[in-house]
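Here the structure comes first, spelled out in structure tokens, and everything after it is commentary.
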Amino acid sequence: MNSEKVIVIEDNDTMRLGIAETLRREKYEVLEFENGPSAIKEMQLRNAAIAIIDLKMEPMNGIEVLEKLKELNPKIEVLMISAYGTVDDAVKAMKLGAEDFLTKPFSPDELRVRIKKLWKKVHDERMLQSLIEQNQFLNEEFFTGYEEMVGSSDSIKKVFTLADQVAGKISSVLIQGESGTGKELIARAIHKKSQRSENSFIKINCGALNDNLLESELFGHEKGSFTGAVKQKKGRFELADKGTLFLDEIGDISQAMQVKLLRVLQEGEFERVGGEETIKTDVRIISATNRDLQKLILEGKFREDLFYRLSVIPINLPPLRERKEDIPVLINHFLKKTAEKNHQEVKEINSEGIKLLVSYPWPGNIRELENLIERLVVISPSEKIEAELIVRHISGNLKIINGFEGVPLEEAVNAFEKNLIIQAMKKSDGVKNRAAKILGISTSVLYYKLEKFELI
């Protein structure tokens, strides 16, 4: 059934009613207006795909109405009709954006043919626009598996194995891990290995938007539904239909949004903001968070029923400090990647530098490591990156060690390590077991180092 709106603007009652009846029999939704101003007022609040406009009307003629409607909606397709049509009138109407011109009297069959032609044009343009909109959110990189998630540690192998097992299913996946551990990369790999890989992978950062913006981004909105809504917009659920929707930072959404999201997951349908039409959606949900959702449930901040909907398959990504054996492999990977990006020879890091990078706790995880390697490659004056340079730039802090020039490596590393412990103690408010966790070491080792550096 065709539910597209067609507006008929005709001051002759008999003609207007006849056109409307013909179109309604074809299952079009028809809105009738006896003059231009009333139609324009209504179209400021709602959309229509096609307009049929009489040329000779008062107080606005058809050309004036055409111009105004095109200002409100440049994509509306227009059929001009007139009993007094001339070639000049038709040419002027076409220049202003009318698609067709029909001279009265005309048969119902002729009207149906013309409207069917216009509807095909509307449909083709919308299909093209839909592809363009989807492409804006598609995966920007082509990959075949876990190209960025390299490593051979037992913990990361378990992640790869589980991801492979769930890729071919339709169950929801919840990826949990600290910032920078590669949650989005795993989500993309699962999509790429799934039966939905030929369709869209659409992502949204739920923690970056307030409720109103998030609702509009997820579900879309109708024209005029709020200030600034100048046209209809499709939401991510609609764009991801038959594909995968990645909800990043899901632990940051409000309880009000949790209720709305739960309804979509349960019923597979939603309405755009300001709309009445119920839209069906078929998406696979992969969500991610760096927060402890079960703790949030106990605190009454996250719905338990939503948690179980999202976490049918939970995947926990280990922080980089818990997979230190993967750090040398990742370093080589990022050295090659940066060299390729900058069209230069691959640089090396000396053994002392590798030891320093392996011992660092990496609070920013893989993302921090990649950024540092790129920085070191760019600023290193030689083909071999020295440990002294790493000490200066690790964690983005150029003031970790003042007056580094001429300082022996062991002394520089000790000063660097002492600074890390001081920062961890500040972050943990002096609670030693928390500071040890931040540093990725045991509490007993922390006590030893606190004594070594005379911090207690």
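So you can find residues: chains in the structure tokens are A, B, ... in the order shown, residues in each start at 1, and ligands are numbered from 1 in order.
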
Gly228 in chain A surroundings by only C-alpha atoms, 12 Å radius, close-in-sequence under 5 positions cut, as a PyMOL selection string: chain A and resi 213+216+221-223+233

DSSP strand (DSSP E) selection over range 84-264 of chain A, as number ranges by chain: A: 100-103, 173-176, 201-205, 220-221, 233-234, 244-248

Export C-alpha atoms of the chosen residues as a short mmCIF file (atom, residue, chain, number, x, y, z; two decimals), in the first residue's frame?
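Result went into again.cif, see below:
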```
data_model
loop_
_atom_site.label_atom_id
_atom_site.label_comp_id
_atom_site.auth_asym_id
_atom_site.auth_seq_id
_atom_site.Cartn_x
_atom_site.Cartn_y
_atom_site.Cartn_z
CA ASP A 100 5.36 17.84 -15.32
CA PHE A 101 2.56 19.98 -16.80
CA LEU A 102 -0.94 18.67 -17.57
CA THR A 103 -3.66 20.55 -19.45
CA VAL A 173 26.90 -8.65 22.26
CA LEU A 174 28.15 -6.49 25.13
CA ILE A 175 31.86 -5.60 24.96
CA GLN A 176 33.30 -4.39 28.25
CA PHE A 201 27.83 -1.12 10.32
CA ILE A 202 26.45 1.99 12.03
CA LYS A 203 27.94 3.37 15.23
CA ILE A 204 26.96 6.01 17.77
CA ASN A 205 28.65 7.26 20.93
CA GLY A 220 15.34 10.06 13.65
CA HIS A 221 12.85 12.91 13.59
CA LYS A 233 15.95 12.73 9.33
CA LYS A 234 16.48 8.99 9.53
CA THR A 244 24.72 -3.98 12.81
CA LEU A 245 24.22 -1.07 15.22
CA PHE A 246 27.15 -0.39 17.57
CA LEU A 247 26.10 1.47 20.73
CA ASP A 248 29.32 2.77 22.28
#
```

One-decimal distance in Å that lies between CA of Met43 in chain A and CA of Gly224 in chain A: 9.8 Å

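Taking only C-alpha atoms into account, Gln195 in chain A lies nearest to A:Val283 out of the set A:Leu111, A:Ile52, A:Val283, A:Val346.
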
Range 283-422 of chain A: residues DSSP assigns to alpha helix (DSSP H), reported as a PyMOL selection string: chain A and resi 293-298+304-310+327-342+351-359+365-379+387-393+409-422

Point-to-point distance from CA of Ile53 in chain A to CA of Lys121 in chain A, Å rounded to tenths: 18.0 Å

Residues within 10 Å of Leu310 in chain A, only C-alpha atoms, excluding chain neighbours under 5 positions, as number ranges by chain: A: 171-175, 247, 250, 262, 265, 285-288, 304-305

Distance query range 317-330 of chain A at most 7 Å, only C-alpha atoms, self and fewer than 2 positions along chain excluded, as a PyMOL selection string: chain A and resi 150-153+155+159+176-178+181+315+332-334+354+358+361-362+365-366+440

Selection near Ile422 in chain A, 9 Å with only C-alpha atoms, sequence-local residues under 5 positions removed, as number ranges by chain: A: 417, 427, 455

Export, as an mmCIF file, in the first residue's frame, the selected residues with C-alpha atoms.
```
data_model
loop_
_atom_site.group_PDB
_atom_site.id
_atom_site.type_symbol
_atom_site.label_atom_id
_atom_site.label_comp_id
_atom_site.auth_asym_id
_atom_site.auth_seq_id
_atom_site.Cartn_x
_atom_site.Cartn_y
_atom_site.Cartn_z
ATOM 1 C CA GLU A 417 58.913 5.296 37.693
ATOM 2 C CA LYS A 427 44.559 9.333 41.804
ATOM 3 C CA LEU A 455 57.604 7.920 49.543
#
```

Who sits within 12 Å of Glu42 in chain A, only C-alpha atoms, same chain under 6 positions skipped, as a PyMOL selection string: chain A and resi 7+9+31-33+35-36+48+69+72+223-224

Residues near Pro108 in chain A, cut-off 12 Å, only C-alpha atoms, skip fewer than 4 positions along chain, as a list in words: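 The contact residues come out as Met15, Gly18, Ile19, Ala20, Glu21, Thr22, Leu23, Arg24, Arg25, Glu26, Lys104, Arg112, Val113, Arg114 and Ile115 of chain A.
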
How about saving the chosen residues, N, CA and C atoms kept, as a PDB file, in the first residue's frame?
```
ATOM      1  N   MET A  15     -13.214  19.758  -9.484  1.00  0.00           N
ATOM      2  CA  MET A  15     -11.942  19.251  -9.993  1.00  0.00           C
ATOM      3  C   MET A  15     -11.097  18.689  -8.845  1.00  0.00           C
ATOM      4  N   GLY A  18     -12.468  15.396  -7.563  1.00  0.00           N
ATOM      5  CA  GLY A  18     -12.262  14.327  -8.560  1.00  0.00           C
ATOM      6  C   GLY A  18     -10.829  13.812  -8.552  1.00  0.00           C
ATOM      7  N   ILE A  19      -9.865  14.739  -8.486  1.00  0.00           N
ATOM      8  CA  ILE A  19      -8.446  14.334  -8.433  1.00  0.00           C
ATOM      9  C   ILE A  19      -8.174  13.534  -7.163  1.00  0.00           C
ATOM     10  N   ALA A  20      -8.672  14.042  -6.039  1.00  0.00           N
ATOM     11  CA  ALA A  20      -8.438  13.378  -4.754  1.00  0.00           C
ATOM     12  C   ALA A  20      -9.020  11.964  -4.745  1.00  0.00           C
ATOM     13  N   GLU A  21     -10.230  11.808  -5.283  1.00  0.00           N
ATOM     14  CA  GLU A  21     -10.872  10.495  -5.285  1.00  0.00           C
ATOM     15  C   GLU A  21     -10.080   9.493  -6.146  1.00  0.00           C
ATOM     16  N   THR A  22      -9.614   9.963  -7.316  1.00  0.00           N
ATOM     17  CA  THR A  22      -8.827   9.099  -8.201  1.00  0.00           C
ATOM     18  C   THR A  22      -7.568   8.597  -7.495  1.00  0.00           C
ATOM     19  N   LEU A  23      -6.894   9.482  -6.784  1.00  0.00           N
ATOM     20  CA  LEU A  23      -5.648   9.116  -6.113  1.00  0.00           C
ATOM     21  C   LEU A  23      -5.895   8.231  -4.902  1.00  0.00           C
ATOM     22  N   ARG A  24      -6.984   8.488  -4.186  1.00  0.00           N
ATOM     23  CA  ARG A  24      -7.282   7.663  -3.005  1.00  0.00           C
ATOM     24  C   ARG A  24      -7.578   6.223  -3.402  1.00  0.00           C
ATOM     25  N   ARG A  25      -8.165   6.039  -4.563  1.00  0.00           N
ATOM     26  CA  ARG A  25      -8.412   4.681  -5.052  1.00  0.00           C
ATOM     27  C   ARG A  25      -7.106   3.946  -5.330  1.00  0.00           C
ATOM     28  N   GLU A  26      -6.033   4.714  -5.568  1.00  0.00           N
ATOM     29  CA  GLU A  26      -4.706   4.130  -5.777  1.00  0.00           C
ATOM     30  C   GLU A  26      -3.932   4.001  -4.468  1.00  0.00           C
ATOM     31  N   LYS A 104      -5.926  20.699 -18.575  1.00  0.00           N
ATOM     32  CA  LYS A 104      -7.311  20.266 -18.360  1.00  0.00           C
ATOM     33  C   LYS A 104      -8.077  20.346 -19.690  1.00  0.00           C
ATOM     34  N   ARG A 112      -3.353   9.128 -13.335  1.00  0.00           N
ATOM     35  CA  ARG A 112      -2.672   8.014 -12.674  1.00  0.00           C
ATOM     36  C   ARG A 112      -1.292   7.757 -13.276  1.00  0.00           C
ATOM     37  N   VAL A 113      -1.199   7.826 -14.607  1.00  0.00           N
ATOM     38  CA  VAL A 113       0.070   7.597 -15.284  1.00  0.00           C
ATOM     39  C   VAL A 113       1.105   8.639 -14.868  1.00  0.00           C
ATOM     40  N   ARG A 114       0.664   9.917 -14.843  1.00  0.00           N
ATOM     41  CA  ARG A 114       1.589  10.999 -14.494  1.00  0.00           C
ATOM     42  C   ARG A 114       2.068  10.879 -13.038  1.00  0.00           C
ATOM     43  N   ILE A 115       1.150  10.574 -12.125  1.00  0.00           N
ATOM     44  CA  ILE A 115       1.505  10.469 -10.702  1.00  0.00           C
ATOM     45  C   ILE A 115       2.395   9.248 -10.450  1.00  0.00           C
TER      46      ILE A 115
END
```

Atomic separation - CA of Met94 in chain A relative to CA of Val78 in chain A, Å: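 Distance reported for this atom pair: 9.3 Å.
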
Among the residues A:Ile190, A:Ser444, A:Glu34, A:Arg309, the one that comes closest to Thr161 in chain A [using only C-alpha atoms]: A:Ile190
